[in-house]
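Heads up: the structure comes next, in structure tokens.
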Amino acid sequence: MRPTVSVIMPSYNHEKYIAQAIESVLNQTFPDFELIIIDDGSKDRSKEIIKAYEKKDKRIRAIFHKNNKGIARTMNEGLRKAKGKFIALFSSDDVWVKDKLEKQLKFFEKNDDLVVWSEGLVIDAQGNPTGGTFTQMYGASKKKKSGNLFEELLKGNYIFGQSVILKKKNIKDITYDERLKYLNDYKFMVDLAYNYEFYYIPEPLAMYRIHGKNSILSDRREWLRDQILVSTYFLERYGDRISKKLRAMLYHRIASAYAQLGERKIVLSYLPVLVKIDPISLYPLILLGLVATSENSLGRKILRKVYYLLLYNI
């Protein structure tokens, strides 16, 4: 029988946290779901823990990769395997509150084409609240959180992915980009936002765990390469449908990433592009400043502040 919700949980080396994550799903007050756990070649005891839970609860469908395939391929596999009407995204190191699904599903009664998400509490490695929330951590306390978020998300992602639930039918050809290591969730959310409105629940329905192994900036150069790929994709896919200020911002983001990678010639090639798009913009001056300053210098810090001021005023 088809479940109402398919919960997709990728797993990789989270033996310390995965039991709590699994139990937070199994203990939901809304019971009609399947939990698809895809272990992406963990080297710790994650596989043993998952198998033990799979034996106890028939709602769990476990898949084990012999070798690590990466988060994007793992998530795409989960989307293909899902049988539910709705898809809920989760992570093996985070935690749901017990009525998370029940509360979110109520918002689909009037409009099931929404992408529903919620606030999250930030917890430490031991599960203790840090006193902060997910949107505070991402500087999104005052940002628009419901409705058409497409242009807001082009500026930067602040959606709490582990709280998201949406209709599977609406995903269609939207997938996680397997070229990307760190920013595949960002691209995924922007593509969703172009097609569907979001609805934000201010109540924290999930907990986001901060620990030593979940820093996406551990490989800065790879993150910058992702930034170039994602911004280029946005321009190619949506460039003729967005304002010139947003186009200039995306071109500047690409050039800035190249500057941080030390590719000064490429950076300079973007100057005429930016001048043509928005002649009165400060982006060309910022780029020249990036070329002339070193990564950790005071000048570079000032340039970043100017960039964010421009970003918030788009």
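Chains: A, B, ... in order of the structure tokens. Residues: from 1 per chain. Ligands: from 1, in order shown.
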
What are the nearest atom pairs, with distances in Å to one decimal, for all residues of region 146-262 of chain A that come at most 7 Å from region 85-95 of chain A, using only C-alpha atoms, set out by chain and rising residue number as a Markdown table?
| residue | atom | partner | partner_atom | distance |
| --- | --- | --- | --- | --- |
| A:Gly161 | CA | A:Leu89 | CA | 6.6 |
| A:Gln162 | CA | A:Phe90 | CA | 4.4 |
| A:Ser163 | CA | A:Leu89 | CA | 6.7 |
| A:Val164 | CA | A:Leu89 | CA | 5.7 |
| A:Ile165 | CA | A:Ala88 | CA | 4.3 |
| A:Leu166 | CA | A:Phe86 | CA | 5.4 |
| A:Lys167 | CA | A:Phe86 | CA | 4.2 |
| A:Lys168 | CA | A:Phe86 | CA | 5.0 |
| A:Ala206 | CA | A:Val95 | CA | 5.6 |
| A:Met207 | CA | A:Val95 | CA | 5.0 |
| A:Tyr208 | CA | A:Asp94 | CA | 5.3 |
| A:Arg209 | CA | A:Asp94 | CA | 5.5 |

Can I get the selection written as an mmCIF file, in the first residue's frame, with all heavy atoms?
data_model
loop_
_atom_site.group_PDB
_atom_site.id
_atom_site.type_symbol
_atom_site.label_atom_id
_atom_site.label_comp_id
_atom_site.auth_asym_id
_atom_site.auth_seq_id
_atom_site.Cartn_x
_atom_site.Cartn_y
_atom_site.Cartn_z
ATOM 1 N N GLY A 161 16.751 22.636 5.003
ATOM 2 C CA GLY A 161 16.442 21.481 4.165
ATOM 3 C C GLY A 161 15.862 20.302 4.910
ATOM 4 O O GLY A 161 15.002 19.583 4.395
ATOM 5 N N GLN A 162 16.312 20.075 6.147
ATOM 6 C CA GLN A 162 15.850 18.921 6.923
ATOM 7 C C GLN A 162 14.435 19.080 7.451
ATOM 8 O O GLN A 162 13.908 18.182 8.091
ATOM 9 C CB GLN A 162 16.806 18.650 8.078
ATOM 10 C CG GLN A 162 18.044 17.859 7.692
ATOM 11 C CD GLN A 162 18.888 18.558 6.652
ATOM 12 O OE1 GLN A 162 18.769 18.275 5.469
ATOM 13 N NE2 GLN A 162 19.748 19.484 7.064
ATOM 14 N N SER A 163 13.828 20.229 7.167
ATOM 15 C CA SER A 163 12.438 20.444 7.564
ATOM 16 C C SER A 163 11.491 20.413 6.374
ATOM 17 O O SER A 163 10.271 20.484 6.540
ATOM 18 C CB SER A 163 12.296 21.798 8.281
ATOM 19 O OG SER A 163 12.376 22.874 7.352
ATOM 20 N N VAL A 164 12.017 20.294 5.165
ATOM 21 C CA VAL A 164 11.215 20.455 3.942
ATOM 22 C C VAL A 164 10.349 19.231 3.661
ATOM 23 O O VAL A 164 10.794 18.086 3.794
ATOM 24 C CB VAL A 164 12.135 20.732 2.740
ATOM 25 C CG1 VAL A 164 11.384 20.566 1.416
ATOM 26 C CG2 VAL A 164 12.717 22.136 2.834
ATOM 27 N N ILE A 165 9.105 19.487 3.245
ATOM 28 C CA ILE A 165 8.212 18.442 2.755
ATOM 29 C C ILE A 165 7.441 19.008 1.569
ATOM 30 O O ILE A 165 7.036 20.175 1.579
ATOM 31 C CB ILE A 165 7.270 17.930 3.869
ATOM 32 C CG1 ILE A 165 6.371 16.802 3.338
ATOM 33 C CG2 ILE A 165 6.460 19.050 4.481
ATOM 34 C CD1 ILE A 165 5.584 16.088 4.442
ATOM 35 N N LEU A 166 7.257 18.196 0.537
ATOM 36 C CA LEU A 166 6.561 18.637 -0.670
ATOM 37 C C LEU A 166 5.986 17.443 -1.403
ATOM 38 O O LEU A 166 6.342 16.292 -1.120
ATOM 39 C CB LEU A 166 7.496 19.406 -1.605
ATOM 40 C CG LEU A 166 8.582 18.606 -2.329
ATOM 41 C CD1 LEU A 166 9.014 19.344 -3.598
ATOM 42 C CD2 LEU A 166 9.779 18.350 -1.452
ATOM 43 N N LYS A 167 5.101 17.720 -2.341
ATOM 44 C CA LYS A 167 4.479 16.650 -3.121
ATOM 45 C C LYS A 167 5.490 16.062 -4.103
ATOM 46 O O LYS A 167 6.159 16.801 -4.829
ATOM 47 C CB LYS A 167 3.260 17.201 -3.866
ATOM 48 C CG LYS A 167 2.363 16.139 -4.467
ATOM 49 C CD LYS A 167 0.998 16.694 -4.858
ATOM 50 C CE LYS A 167 1.082 17.729 -5.942
ATOM 51 N NZ LYS A 167 -0.263 18.196 -6.357
ATOM 52 N N LYS A 168 5.580 14.740 -4.135
ATOM 53 C CA LYS A 168 6.560 14.090 -5.011
ATOM 54 C C LYS A 168 6.326 14.446 -6.481
ATOM 55 O O LYS A 168 7.278 14.672 -7.235
ATOM 56 C CB LYS A 168 6.511 12.570 -4.835
ATOM 57 C CG LYS A 168 7.548 11.863 -5.707
ATOM 58 C CD LYS A 168 7.464 10.366 -5.665
ATOM 59 C CE LYS A 168 8.512 9.765 -6.616
ATOM 60 N NZ LYS A 168 8.458 8.297 -6.654
ATOM 61 N N ALA A 206 12.173 20.851 13.834
ATOM 62 C CA ALA A 206 13.339 19.981 13.685
ATOM 63 C C ALA A 206 14.528 20.636 14.376
ATOM 64 O O ALA A 206 14.502 21.830 14.678
ATOM 65 C CB ALA A 206 13.644 19.726 12.212
ATOM 66 N N MET A 207 15.544 19.839 14.619
ATOM 67 C CA MET A 207 16.760 20.324 15.259
ATOM 68 C C MET A 207 17.955 20.081 14.348
ATOM 69 O O MET A 207 18.119 18.980 13.806
ATOM 70 C CB MET A 207 16.954 19.644 16.614
ATOM 71 C CG MET A 207 15.993 20.143 17.678
ATOM 72 S SD MET A 207 15.966 19.114 19.158
ATOM 73 C CE MET A 207 14.653 17.957 18.743
ATOM 74 N N TYR A 208 18.751 21.105 14.178
ATOM 75 C CA TYR A 208 19.919 21.068 13.300
ATOM 76 C C TYR A 208 21.170 20.931 14.158
ATOM 77 O O TYR A 208 21.474 21.796 14.973
ATOM 78 C CB TYR A 208 19.980 22.343 12.465
ATOM 79 C CG TYR A 208 21.163 22.421 11.533
ATOM 80 C CD1 TYR A 208 21.215 21.646 10.385
ATOM 81 C CD2 TYR A 208 22.219 23.288 11.793
ATOM 82 C CE1 TYR A 208 22.290 21.720 9.507
ATOM 83 C CE2 TYR A 208 23.300 23.377 10.925
ATOM 84 C CZ TYR A 208 23.332 22.588 9.792
ATOM 85 O OH TYR A 208 24.402 22.673 8.947
ATOM 86 N N ARG A 209 21.876 19.832 13.958
ATOM 87 C CA ARG A 209 23.019 19.530 14.813
ATOM 88 C C ARG A 209 24.318 20.080 14.223
ATOM 89 O O ARG A 209 24.645 19.828 13.062
ATOM 90 C CB ARG A 209 23.157 18.022 15.012
ATOM 91 C CG ARG A 209 24.127 17.641 16.121
ATOM 92 C CD ARG A 209 24.361 16.144 16.177
ATOM 93 N NE ARG A 209 23.145 15.374 16.350
ATOM 94 C CZ ARG A 209 22.632 15.022 17.535
ATOM 95 N NH1 ARG A 209 23.240 15.401 18.654
ATOM 96 N NH2 ARG A 209 21.537 14.292 17.591
#

task = Output as a ChimeraX atom specification all residues of region 104-296 of chain A that backbone DSSP marks as strand (DSSP E or B).
result = /A:115-123,129-133,147,165-167,198-209

inquiry  = Report as a ChimeraX atom specification all protein, DNA and RNA residues lying within 9 Å of region 30-44 of chain A, evaluated on only C-alpha atoms, omitting residues in the same chain fewer than 5 positions from it.
reply    = /A:2-15,22,25,50,58-71,74-75,77-78,81-84,92,98-103

inquiry  = Give me, as a ChimeraX atom specification, all polymer residues having an atom no more than 9 Å from region 231-241 of chain A, counting only C-alpha atoms and skipping those fewer than 6 positions away in the same chain.
reply    = /A:154,187,190,247,250-251,253-254

Based on the selection just made, write N, CA and C atoms of those residues as a JSON list (two decimals), in the first residue's frame.
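The resulting file, result-v3.json, is reproduced below:
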[["chain", "number", "residue", "atom", "x", "y", "z"],
["A", 154, "LEU", "N", 17.90, 33.22, -5.00],
["A", 154, "LEU", "CA", 19.02, 33.45, -5.92],
["A", 154, "LEU", "C", 20.16, 34.18, -5.22],
["A", 187, "LYS", "N", 20.95, 24.62, -5.29],
["A", 187, "LYS", "CA", 20.40, 24.57, -6.65],
["A", 187, "LYS", "C", 19.02, 23.93, -6.65],
["A", 190, "VAL", "N", 16.39, 26.45, -5.30],
["A", 190, "VAL", "CA", 16.11, 27.53, -6.25],
["A", 190, "VAL", "C", 15.21, 27.02, -7.37],
["A", 247, "ARG", "N", 21.25, 39.62, -12.38],
["A", 247, "ARG", "CA", 22.23, 39.07, -13.32],
["A", 247, "ARG", "C", 23.64, 39.57, -12.98],
["A", 250, "LEU", "N", 25.01, 37.72, -10.00],
["A", 250, "LEU", "CA", 25.46, 36.37, -10.30],
["A", 250, "LEU", "C", 26.80, 36.37, -11.04],
["A", 251, "TYR", "N", 26.95, 37.28, -12.01],
["A", 251, "TYR", "CA", 28.24, 37.38, -12.70],
["A", 251, "TYR", "C", 29.35, 37.78, -11.72],
["A", 253, "ARG", "N", 29.39, 37.12, -8.55],
["A", 253, "ARG", "CA", 29.65, 35.96, -7.69],
["A", 253, "ARG", "C", 30.61, 34.98, -8.36],
["A", 254, "ILE", "N", 30.42, 34.79, -9.66],
["A", 254, "ILE", "CA", 31.33, 33.90, -10.40],
["A", 254, "ILE", "C", 32.74, 34.48, -10.40]]

inquiry  = Set the distance at 8 Å and use only C-alpha atoms: which residues neighbour region 291-297 of chain A once local chain neighbours fewer than 4 positions away are removed? I'd like the list as a list in words.
reply    =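 So the residues in contact are Ala259, Gln260, Arg264, Val267, Leu287 and Lys301 of chain A.
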
Selection file, C-alpha atoms, as a CSV table (one decimal), in the first residue's frame:
chain,number,residue,atom,x,y,z
A,259,ALA,CA,39.4,35.8,-7.6
A,260,GLN,CA,39.5,33.7,-4.4
A,264,ARG,CA,43.0,37.0,-11.9
A,267,VAL,CA,38.3,37.8,-13.1
A,287,LEU,CA,36.3,43.1,-8.6
A,301,LYS,CA,37.0,42.2,4.4

Residues at most 9 Å from Leu311 (chain A), counting only C-alpha atoms, excluding those fewer than 5 positions away in the same chain, as a PDB file with C-alpha atoms, in the first residue's frame?
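Dumped to out_15.pdb:
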ATOM      1  CA  LYS A 155      20.832  35.765  -3.510  1.00  0.00           C
ATOM      2  CA  LEU A 246      20.343  39.978 -10.142  1.00  0.00           C
ATOM      3  CA  MET A 249      25.100  39.876  -8.850  1.00  0.00           C
ATOM      4  CA  VAL A 306      30.217  46.391   0.430  1.00  0.00           C
TER       5      VAL A 306
END

ask   = Which distance in Å separates CA of Tyr312 (chain A) and CA of Thr135 (chain A), to one decimal?
value =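 About the pair CA of Tyr312 (chain A) and CA of Thr135 (chain A): they are 15.9 Å apart.
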